[in-house]
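Raw contents of final-v4.txt, compact mmCIF, C-alpha atoms:
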```
# COMPACT_ATOMS: atom_id res chain seq x y z
CA MET A 1081 40.29 13.97 21.97
CA SER A 1082 41.03 14.49 18.27
CA SER A 1083 39.92 17.66 16.51
CA LEU A 1084 37.30 15.65 14.62
CA ASN A 1085 35.86 14.18 17.80
CA GLN A 1086 35.87 17.63 19.37
CA ALA A 1087 33.94 19.02 16.38
CA LEU A 1088 31.42 16.19 16.67
CA SER A 1089 31.03 16.85 20.39
CA VAL A 1090 30.20 20.50 19.73
CA ALA A 1091 27.74 19.50 17.00
CA LEU A 1092 25.96 17.08 19.32
CA ASP A 1093 25.79 19.72 22.05
CA ASN A 1094 24.22 22.16 19.59
CA ARG A 1095 21.58 19.59 18.63
CA GLN A 1096 20.49 18.48 22.07
CA ALA A 1097 17.34 20.61 22.24
CA LEU A 1098 16.43 19.69 18.65
CA LEU A 1099 16.91 15.96 19.27
CA ASP A 1100 14.67 16.13 22.33
CA GLN A 1101 12.03 17.82 20.19
CA LEU A 1102 12.38 15.33 17.32
CA HIS A 1103 12.18 12.32 19.60
CA GLY A 1104 9.04 13.78 21.15
CA GLN A 1105 7.34 14.12 17.76
CA GLY A 1106 8.18 10.57 16.66
CA THR A 1107 11.33 11.23 14.60
CA ASP A 1108 14.55 9.21 14.78
CA CYS A 1109 15.98 10.17 11.38
CA TYR A 1110 18.21 13.25 11.43
CA ARG A 1111 21.68 14.61 10.74
CA LEU A 1112 24.10 14.48 13.65
CA PHE A 1113 27.08 16.08 11.92
CA HIS A 1114 27.04 18.40 8.90
CA GLY A 1115 30.73 18.52 8.21
CA SER A 1116 30.82 21.31 5.63
CA GLN A 1117 29.51 23.71 8.26
CA GLU A 1118 30.83 22.07 11.43
CA GLY A 1119 34.54 21.57 10.90
CA ALA A 1120 35.06 18.56 8.61
CA SER A 1121 34.17 19.35 5.01
CA GLY A 1122 32.74 16.40 3.11
CA LEU A 1123 31.83 14.32 6.17
CA THR A 1124 28.24 13.62 7.19
CA ILE A 1125 26.85 11.52 10.02
CA ASP A 1126 23.15 10.65 9.88
CA ARG A 1127 20.90 8.56 12.05
CA TYR A 1128 18.24 6.51 10.28
CA GLY A 1129 16.39 4.74 13.07
CA PRO A 1130 18.69 1.95 14.27
CA GLN A 1131 21.32 2.69 11.61
CA LEU A 1132 24.16 5.19 11.77
CA LEU A 1133 25.23 6.22 8.28
CA VAL A 1134 28.66 7.86 8.00
CA GLN A 1135 29.64 9.19 4.58
CA SER A 1136 32.84 10.88 3.42
CA PHE A 1137 32.81 12.81 0.15
CA HIS A 1138 36.30 14.38 0.13
CA THR A 1139 38.71 12.38 2.27
CA ARG A 1140 38.45 8.74 3.30
CA LEU A 1141 38.27 8.12 7.03
CA ASP A 1142 40.61 5.60 8.58
CA ARG A 1143 39.14 2.77 10.61
CA ASP A 1144 40.18 4.06 14.04
CA ALA A 1145 38.70 7.49 13.41
CA LEU A 1146 35.46 5.95 12.12
CA LEU A 1147 35.06 3.65 15.11
CA ALA A 1148 35.81 6.52 17.50
CA LEU A 1149 33.02 8.57 15.92
CA HIS A 1150 30.65 5.62 16.18
CA GLU A 1151 31.43 5.10 19.85
CA GLN A 1152 31.02 8.80 20.56
CA VAL A 1153 27.56 8.91 18.95
CA ASN A 1154 26.46 5.72 20.72
CA THR A 1155 27.51 7.12 24.08
CA ARG A 1156 25.74 10.42 23.52
CA LEU A 1157 22.50 8.85 22.25
CA GLY A 1158 22.56 5.96 24.71
CA LEU A 1159 22.10 3.52 21.83
CA ASP A 1160 23.97 0.71 20.10
CA THR A 1161 23.52 1.89 16.53
CA LEU A 1162 24.31 -0.24 13.48
CA LEU A 1163 27.22 1.36 11.63
CA VAL A 1164 27.37 1.72 7.85
CA TYR A 1165 30.26 3.63 6.29
CA ASN A 1166 29.96 4.75 2.69
CA ASP A 1167 33.19 6.12 1.28
CA ARG A 1168 32.21 8.47 -1.54
CA SER A 1169 35.53 10.29 -1.87
CA GLN A 1170 36.36 8.67 -5.21
CA GLY A 1171 34.58 8.40 -8.56
CA ASN A 1172 32.21 11.36 -8.73
CA SER A 1173 30.88 10.85 -5.19
CA ARG A 1174 29.70 7.32 -5.88
CA VAL A 1175 29.69 4.78 -3.06
CA ASP A 1176 32.85 2.68 -2.91
CA ARG A 1177 31.43 -0.81 -2.44
CA HIS A 1178 34.79 -2.48 -1.79
CA ASP A 1179 34.70 -1.63 1.94
CA THR A 1180 38.43 -0.97 2.16
CA VAL A 1181 38.03 0.78 5.54
CA TYR A 1182 35.17 -0.95 7.34
CA LYS A 1183 32.85 -3.78 6.38
CA ALA A 1184 29.42 -3.31 7.87
CA GLU A 1185 27.81 -6.21 9.71
CA ASP A 1186 25.00 -8.03 7.94
CA ALA A 1187 22.52 -6.64 10.49
CA ALA A 1188 23.56 -3.08 9.63
CA LEU A 1189 22.96 -3.63 5.92
CA ALA A 1190 19.57 -5.27 6.43
CA ASP A 1191 16.29 -3.47 5.85
CA HIS A 1192 15.18 -1.41 8.84
CA VAL A 1193 12.47 1.09 9.72
CA GLY A 1194 13.09 4.72 10.60
CA HIS A 1195 10.54 7.24 11.76
CA GLU A 1196 9.69 10.84 10.93
CA TRP A 1197 6.69 12.83 12.15
CA GLY A 1198 5.30 9.56 13.50
CA LEU A 1199 5.45 7.78 10.13
CA ASN A 1200 7.39 4.65 9.22
CA TYR A 1201 10.02 4.73 6.46
CA ARG A 1202 12.12 2.02 4.87
CA VAL A 1203 15.79 2.71 5.56
CA ARG A 1204 18.79 0.93 4.06
CA GLY A 1205 22.34 1.99 4.82
CA ARG A 1206 23.37 0.78 1.38
CA HIS A 1207 21.28 -0.16 -1.62
CA ALA A 1208 21.40 -0.24 -5.40
CA GLY A 1209 21.39 3.55 -5.67
CA GLN A 1210 23.82 6.09 -4.28
CA ASP A 1211 21.83 8.38 -1.99
CA PRO A 1212 19.95 7.56 1.22
CA LEU A 1213 16.32 6.62 0.77
CA LEU A 1214 15.13 9.65 2.76
CA PHE A 1215 16.59 13.14 2.26
CA LEU A 1216 16.70 14.55 5.77
CA ASP A 1217 16.93 18.25 4.87
CA LEU A 1218 13.38 18.16 3.46
CA ARG A 1219 11.91 17.05 6.82
CA ASN A 1220 10.39 20.46 7.68
CA THR A 1221 8.66 20.59 4.29
CA ARG A 1222 7.25 17.10 4.75
CA GLY A 1223 5.94 18.24 8.13
CA TRP A 1224 4.29 21.28 6.53
CA VAL A 1225 2.63 19.07 3.91
CA LYS A 1226 1.31 16.77 6.62
CA GLN A 1227 -0.25 19.76 8.40
CA HIS A 1228 -1.78 21.38 5.30
CA SER A 1229 -3.02 18.57 3.04
CA ALA A 1230 -6.37 17.65 4.63
CA GLY A 1231 -9.01 17.14 1.95
CA LYS A 1232 -6.64 18.16 -0.87
CA SER A 1233 -5.54 16.39 -4.02
CA VAL A 1234 -1.72 16.17 -3.98
CA LEU A 1235 0.76 15.69 -6.83
CA ASN A 1236 4.30 14.73 -5.78
CA LEU A 1237 6.67 15.36 -8.72
CA PHE A 1238 10.16 13.83 -8.84
CA ALA A 1239 8.73 11.83 -5.96
CA TYR A 1240 11.87 9.72 -5.27
CA THR A 1241 10.76 7.37 -2.45
CA CYS A 1242 7.48 9.26 -1.94
CA GLY A 1243 8.09 10.81 1.48
CA VAL A 1244 6.07 13.91 0.61
CA GLY A 1245 3.25 11.75 -0.70
CA LEU A 1246 3.27 9.69 2.49
CA SER A 1247 3.13 12.89 4.56
CA ALA A 1248 0.17 14.12 2.52
CA ALA A 1249 -1.67 10.82 2.99
CA ALA A 1250 -1.04 11.03 6.73
CA GLY A 1251 -2.39 14.58 6.70
CA GLY A 1252 -5.74 13.51 5.29
CA ALA A 1253 -5.29 14.23 1.58
CA SER A 1254 -8.21 13.15 -0.56
CA GLU A 1255 -5.84 11.86 -3.25
CA VAL A 1256 -2.05 11.43 -3.52
CA CYS A 1257 -0.23 10.83 -6.79
CA ASN A 1258 3.54 10.16 -6.79
CA LEU A 1259 5.34 10.57 -10.11
CA ASP A 1260 8.93 9.53 -10.75
CA PHE A 1261 10.96 8.23 -13.68
CA ALA A 1262 12.62 5.38 -11.72
CA GLU A 1263 10.58 2.32 -10.85
CA GLY A 1264 13.11 1.48 -8.13
CA ASN A 1265 12.29 4.74 -6.34
CA LEU A 1266 8.56 4.10 -6.58
CA ALA A 1267 9.08 0.55 -5.31
CA VAL A 1268 10.50 1.99 -2.09
CA GLY A 1269 7.56 4.40 -2.02
CA ARG A 1270 5.23 1.41 -2.12
CA GLU A 1271 7.21 -0.13 0.75
CA ASN A 1272 6.76 3.07 2.72
CA GLY A 1273 3.05 2.92 2.07
CA ALA A 1274 2.89 -0.70 3.22
CA LEU A 1275 4.77 0.22 6.40
CA ASN A 1276 1.91 2.60 7.25
CA PRO A 1277 -1.18 0.42 6.68
CA GLN A 1278 -3.42 2.87 8.55
CA LEU A 1279 -3.09 5.35 5.68
CA PRO A 1280 -5.18 5.35 2.48
CA PRO A 1281 -3.42 3.98 -0.60
CA MET A 1282 -1.42 6.30 -2.85
CA GLN A 1283 -1.11 6.34 -6.63
CA PHE A 1284 2.21 5.76 -8.39
CA ILE A 1285 3.06 6.79 -11.94
CA GLN A 1286 6.38 5.85 -13.53
CA SER A 1287 7.07 8.47 -16.15
CA ASP A 1288 9.54 11.00 -17.46
CA TYR A 1289 8.65 14.38 -15.97
CA PHE A 1290 8.24 16.32 -19.18
CA PRO A 1291 5.55 14.30 -21.02
CA ALA A 1292 3.64 13.72 -17.79
CA ILE A 1293 3.55 17.32 -16.56
CA ARG A 1294 2.90 18.77 -20.00
CA GLN A 1295 -0.10 16.49 -20.47
CA LEU A 1296 -1.45 17.44 -17.05
CA ALA A 1297 -0.90 21.12 -17.89
CA GLY A 1298 -2.52 20.82 -21.32
CA LEU A 1299 0.69 21.67 -23.18
CA PRO A 1300 2.07 19.94 -26.31
CA ILE A 1301 4.82 17.33 -26.01
CA ALA A 1302 7.94 17.55 -28.15
CA ALA A 1303 11.12 15.50 -28.33
CA ARG A 1304 14.54 17.05 -27.89
CA ARG A 1305 15.75 18.60 -31.16
CA SER A 1306 14.88 16.29 -34.08
CA GLN A 1307 14.73 13.02 -32.13
CA GLN A 1308 11.80 10.69 -32.59
CA LEU A 1309 9.25 11.02 -29.82
CA PRO A 1310 9.49 7.94 -27.53
CA SER A 1311 6.44 6.25 -26.07
CA TYR A 1312 5.11 7.66 -22.82
CA VAL A 1313 2.36 7.17 -20.26
CA LYS A 1314 -0.88 8.82 -21.37
CA LEU A 1315 -2.48 11.17 -18.83
CA GLN A 1316 -5.51 13.47 -18.86
CA GLN A 1317 -5.23 17.21 -18.32
CA ARG A 1318 -6.09 18.15 -14.75
CA GLN A 1319 -5.06 20.22 -11.75
CA TYR A 1320 -4.17 19.40 -8.14
CA ASP A 1321 -4.70 21.41 -4.96
CA LEU A 1322 -1.14 20.91 -3.73
CA VAL A 1323 1.88 20.22 -5.96
CA LEU A 1324 5.45 19.49 -4.86
CA LEU A 1325 8.26 20.14 -7.38
CA ASP A 1326 11.62 18.84 -6.12
CA PRO A 1327 13.80 18.11 -9.18
CA PRO A 1328 17.39 16.84 -9.24
CA ALA A 1329 20.12 19.30 -10.11
CA TRP A 1330 20.56 17.94 -13.62
CA ALA A 1331 19.18 15.13 -15.77
CA LYS A 1332 18.60 14.57 -19.47
CA SER A 1333 16.11 12.45 -21.36
CA ALA A 1334 14.69 12.29 -24.88
CA PHE A 1335 11.96 14.71 -23.78
CA GLY A 1336 14.08 17.44 -22.24
CA THR A 1337 16.79 18.46 -19.80
CA VAL A 1338 16.42 19.17 -16.10
CA ASP A 1339 18.85 22.01 -15.38
CA LEU A 1340 18.24 23.92 -12.16
CA LEU A 1341 20.96 26.44 -12.92
CA ARG A 1342 20.11 27.48 -16.47
CA ASP A 1343 16.48 26.56 -17.07
CA TYR A 1344 14.32 26.19 -13.99
CA GLN A 1345 11.46 27.84 -15.88
CA SER A 1346 10.86 24.84 -18.16
CA LEU A 1347 10.17 22.76 -15.05
CA LEU A 1348 8.21 25.41 -13.20
CA LYS A 1349 5.76 26.67 -15.84
CA PRO A 1350 3.85 23.40 -16.39
CA ALA A 1351 3.86 22.72 -12.63
CA LEU A 1352 2.24 26.14 -12.12
CA LEU A 1353 -0.42 25.32 -14.72
CA THR A 1354 -1.10 21.98 -13.01
CA THR A 1355 -1.76 23.69 -9.67
CA ALA A 1356 -5.41 24.57 -9.06
CA ASP A 1357 -6.71 28.08 -8.46
CA ASP A 1358 -6.18 28.93 -4.77
CA GLY A 1359 -3.82 25.96 -4.67
CA VAL A 1360 -0.28 25.59 -3.35
CA LEU A 1361 2.90 24.87 -5.29
CA ILE A 1362 5.96 23.95 -3.26
CA CYS A 1363 9.13 24.24 -5.33
CA CYS A 1364 12.69 23.31 -4.39
CA ASN A 1365 16.18 24.06 -5.67
CA ASN A 1366 19.15 22.18 -4.20
CA LEU A 1367 21.99 23.98 -6.01
CA ALA A 1368 24.30 25.66 -3.52
CA LYS A 1369 25.58 28.10 -6.16
CA VAL A 1370 22.09 29.57 -6.65
CA SER A 1371 21.12 32.25 -4.12
CA MET A 1372 17.67 32.26 -2.57
CA GLN A 1373 17.08 35.88 -3.56
CA ASP A 1374 17.92 35.35 -7.24
CA TRP A 1375 15.95 32.12 -7.46
CA ARG A 1376 12.94 33.56 -5.66
CA GLU A 1377 12.82 36.48 -8.10
CA GLN A 1378 13.07 34.03 -11.01
CA VAL A 1379 10.23 31.90 -9.65
CA LEU A 1380 7.90 34.84 -9.05
CA ARG A 1381 8.66 36.30 -12.48
CA CYS A 1382 7.95 32.96 -14.16
CA ALA A 1383 4.66 32.61 -12.29
CA THR A 1384 3.51 36.03 -13.46
CA LYS A 1385 4.46 35.27 -17.08
CA ALA A 1386 2.57 31.99 -16.90
CA GLY A 1387 -0.57 33.82 -15.79
CA ARG A 1388 -0.40 32.30 -12.31
CA PRO A 1389 0.74 35.22 -10.10
CA VAL A 1390 1.69 34.33 -6.53
CA ARG A 1391 -0.54 35.70 -3.76
CA ASP A 1392 1.85 34.69 -0.98
CA CYS A 1393 5.38 33.25 -0.90
CA GLN A 1394 6.79 31.53 2.18
CA GLU A 1395 10.34 30.25 2.58
CA MET A 1396 10.81 26.89 4.29
CA ARG A 1397 14.29 26.29 5.70
CA PRO A 1398 15.87 23.00 6.77
CA ALA A 1399 15.92 22.32 10.51
CA ALA A 1400 18.85 23.07 12.79
CA ASP A 1401 20.55 19.73 12.07
CA PHE A 1402 21.51 21.36 8.74
CA PRO A 1403 23.26 24.52 9.96
CA SER A 1404 24.35 27.21 7.50
CA GLN A 1405 26.97 29.75 8.54
CA ASP A 1406 26.10 32.14 5.71
CA ASN A 1407 22.36 31.65 6.20
CA GLN A 1408 22.14 30.28 2.65
CA PRO A 1409 21.51 26.51 2.92
CA PRO A 1410 21.91 24.58 -0.36
CA LEU A 1411 18.32 23.33 -0.25
CA LYS A 1412 15.94 26.22 -0.97
CA THR A 1413 12.20 25.71 -0.70
CA LEU A 1414 9.38 28.13 -1.52
CA ILE A 1415 5.72 27.57 -0.67
CA LEU A 1416 3.66 29.49 -3.23
CA GLN A 1417 -0.01 30.32 -2.65
CA LEU A 1418 -1.55 30.80 -6.10
```
Please express the file's structure as structure tokens.
Amino acid sequence: MSSLNQALSVALDNRQALLDQLHGQGTDCYRLFHGSQEGASGLTIDRYGPQLLVQSFHTRLDRDALLALHEQVNTRLGLDTLLVYNDRSQGNSRVDRHDTVYKAEDAALADHVGHEWGLNYRVRGRHAGQDPLLFLDLRNTRGWVKQHSAGKSVLNLFAYTCGVGLSAAAGGASEVCNLDFAEGNLAVGRENGALNPQLPPMQFIQSDYFPAIRQLAGLPIAARRSQQLPSYVKLQQRQYDLVLLDPPAWAKSAFGTVDLLRDYQSLLKPALLTTADDGVLICCNNLAKVSMQDWREQVLRCATKAGRPVRDCQEMRPAADFPSQDNQPPLKTLILQL
């Protein structure tokens, strides 16, 4: 057995109890191998329902090694998964669509359904974007939202494919609003909603974060530097009982810059003001170089300055399929009771 296959075997052994638990709760989307922490930096192996998504970010796998990993996972799970290999080792971690190592079968690249916490999600091993349609490390947070959203109005910011919104709807939220800049992301969110017809309908707003959240918070809108203010969706000032703030690491628009390293406060302050009294704000930071302690102190300080001091602060960690040897996982999540 190669060293890579041995590392995968150990990882699968370590996950056995977790996988039994996940299968019992209606989840078949999870990480099987987290290479940066389990012996193969830059390699990830994820199950999305019937699909097995293998991605390499540093070094391209050869075909024999890839197929050996696939066979090993199939044997352990007792399944015949559909293999998709995305080589992201070149070009700023973008998917190499030339398939120089392995060309996935048409069935593997078709639309499928995965499951998490008993809900149905659209899964595609490869699509127009770069990242998977469901970020698996946020699963525990989606589960918390499902358990704590009954009767609440919920605002899902940087909603991506609306997994948090779907969880809130499943938890009995009175209202769910998903906001994202990309219509393609919201289109998948609508697919997810349609895959769960038993749930009440959600709202979808396509908008840049800054004009939308500043309107909701009752703050003025300004363009970056001396640029002319572009058109934007008009919204009324209001607050929500539960707000989720999960921004990308960095993005720039005419209205402002998302920068989790240097300026988290500009994102956080209006989200705090849009959260109702006695409400909950869940905020995330996915930068590995930022420590939880430093970021937590920054968040609490910003809340106090904004006049929204935090009554209770809970840390939500990713599940055991995202191990962290230094106990500092890249994804950091705080649940703030205001």
As a PyMOL selection string, please: the residues near range 1187-1200 of chain A (cut-off 9 Å, all atoms listed in the file, same-chain neighbours under 4 positions excluded). chain A and resi 1102+1105-1110+1127-1132+1161-1164+1204-1207+1219+1222-1223+1226+1246-1247+1250+1272-1273+1275-1276
Measuring between all atoms listed in the file, which one of A:Leu1347, A:Cys1242, A:Leu1367, A:Ala1329 shows the shortest distance to Ala1292 in chain A? A:Leu1347
Counting only C-alpha atoms, I want the residues whose atoms come within 10 Å of (31.8, -0.5, -2.4) in the file frame, returned as a VMD selection string. chain A and resid 1165 to 1168 1174 to 1180 1183 1206
Please identify all polymer residues within 12 Å of Phe1113 in chain A, counting only C-alpha atoms, omitting same-chain residues fewer than 3 positions from it, and present them as an MDAnalysis selection string. chainID A and resid 1084:1095 1110 1116:1127 1132:1136 1149:1150 1152:1153 1400:1403
Any chance you can output those residues with C-alpha atoms as a compact mmCIF listing (two decimals), in the coordinates of the input?
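Listed below is the output, out-v3.txt:
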```txt
# COMPACT_ATOMS: atom_id res chain seq x y z
CA LEU A 1084 37.30 15.65 14.62
CA ASN A 1085 35.86 14.18 17.80
CA GLN A 1086 35.87 17.63 19.37
CA ALA A 1087 33.94 19.02 16.38
CA LEU A 1088 31.42 16.19 16.67
CA SER A 1089 31.03 16.85 20.39
CA VAL A 1090 30.20 20.50 19.73
CA ALA A 1091 27.74 19.50 17.00
CA LEU A 1092 25.96 17.08 19.32
CA ASP A 1093 25.79 19.72 22.05
CA ASN A 1094 24.22 22.16 19.59
CA ARG A 1095 21.58 19.59 18.63
CA TYR A 1110 18.21 13.25 11.43
CA SER A 1116 30.82 21.31 5.63
CA GLN A 1117 29.51 23.71 8.26
CA GLU A 1118 30.83 22.07 11.43
CA GLY A 1119 34.54 21.57 10.90
CA ALA A 1120 35.06 18.56 8.61
CA SER A 1121 34.17 19.35 5.01
CA GLY A 1122 32.74 16.40 3.11
CA LEU A 1123 31.83 14.32 6.17
CA THR A 1124 28.24 13.62 7.19
CA ILE A 1125 26.85 11.52 10.02
CA ASP A 1126 23.15 10.65 9.88
CA ARG A 1127 20.90 8.56 12.05
CA LEU A 1132 24.16 5.19 11.77
CA LEU A 1133 25.23 6.22 8.28
CA VAL A 1134 28.66 7.86 8.00
CA GLN A 1135 29.64 9.19 4.58
CA SER A 1136 32.84 10.88 3.42
CA LEU A 1149 33.02 8.57 15.92
CA HIS A 1150 30.65 5.62 16.18
CA GLN A 1152 31.02 8.80 20.56
CA VAL A 1153 27.56 8.91 18.95
CA ALA A 1400 18.85 23.07 12.79
CA ASP A 1401 20.55 19.73 12.07
CA PHE A 1402 21.51 21.36 8.74
CA PRO A 1403 23.26 24.52 9.96
```
Kindly indicate which residue among A:Asn1258, A:Gln1307, A:Thr1384, A:Gln1405 lies nearest to Asp1326 in chain A, using only C-alpha atoms for the distances. A:Asn1258
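Nearest to Glu1377 in chain A of all the residues A:Gln1345, A:Gln1101, A:Ser1173, A:Leu1213 is A:Gln1345, counting all atoms listed in the file.
Straight-line separation from CA of Gln1373 in chain A to CA of Thr1337 in chain A: 23.8 Å.
Residues having any atom no farther than 7 Å from (2.9, 18.2, -6.7) (counting all atoms listed in the file) are Val1234, Leu1235, Asn1236, Leu1237, Leu1322, Val1323, Leu1324, Leu1325 and Leu1361 of chain A.
Nearest residue to Leu1146 in chain A among A:Gln1227, A:Thr1221, A:Ser1082, A:Gln1319 is A:Ser1082, counting all atoms listed in the file.
CA of Asp1392 in chain A to CA of Gln1283 in chain A spans 29.1 Å [interatomic distance, one decimal].
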If I take CA of Ala1399 in chain A and CA of Leu1411 in chain A, how far is one from the other in Å, to one decimal? 11.1 Å
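Checking A:Asn1154, A:Pro1281, A:Pro1328, A:Ser1169 one by one against Phe1137 in chain A, counting all atoms listed in the file, you find the shortest gap at A:Ser1169.
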Polymer residues at most 8 Å from Pro1327 in chain A, all atoms listed in the file, same-chain spacing of 4 or more positions, as an mmCIF file with C-alpha atoms, in the frame of the given file:
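Result file follows (selection20.cif):
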```cif
data_model
loop_
_atom_site.group_PDB
_atom_site.id
_atom_site.type_symbol
_atom_site.label_atom_id
_atom_site.label_comp_id
_atom_site.auth_asym_id
_atom_site.auth_seq_id
_atom_site.Cartn_x
_atom_site.Cartn_y
_atom_site.Cartn_z
ATOM 1 C CA LEU A 1237 6.670 15.360 -8.720
ATOM 2 C CA PHE A 1238 10.160 13.830 -8.840
ATOM 3 C CA VAL A 1338 16.420 19.170 -16.100
ATOM 4 C CA LEU A 1340 18.240 23.920 -12.160
ATOM 5 C CA CYS A 1364 12.690 23.310 -4.390
ATOM 6 C CA ASN A 1365 16.180 24.060 -5.670
#
```
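Omitting Leu1266 in chain A and its sequence neighbours fewer than 6 positions away, and counting only C-alpha atoms, the residues within 8 Å are Ala1239, Tyr1240, Thr1241, Cys1242, Asn1258, Asp1260, Phe1284 and Gln1286 of chain A.
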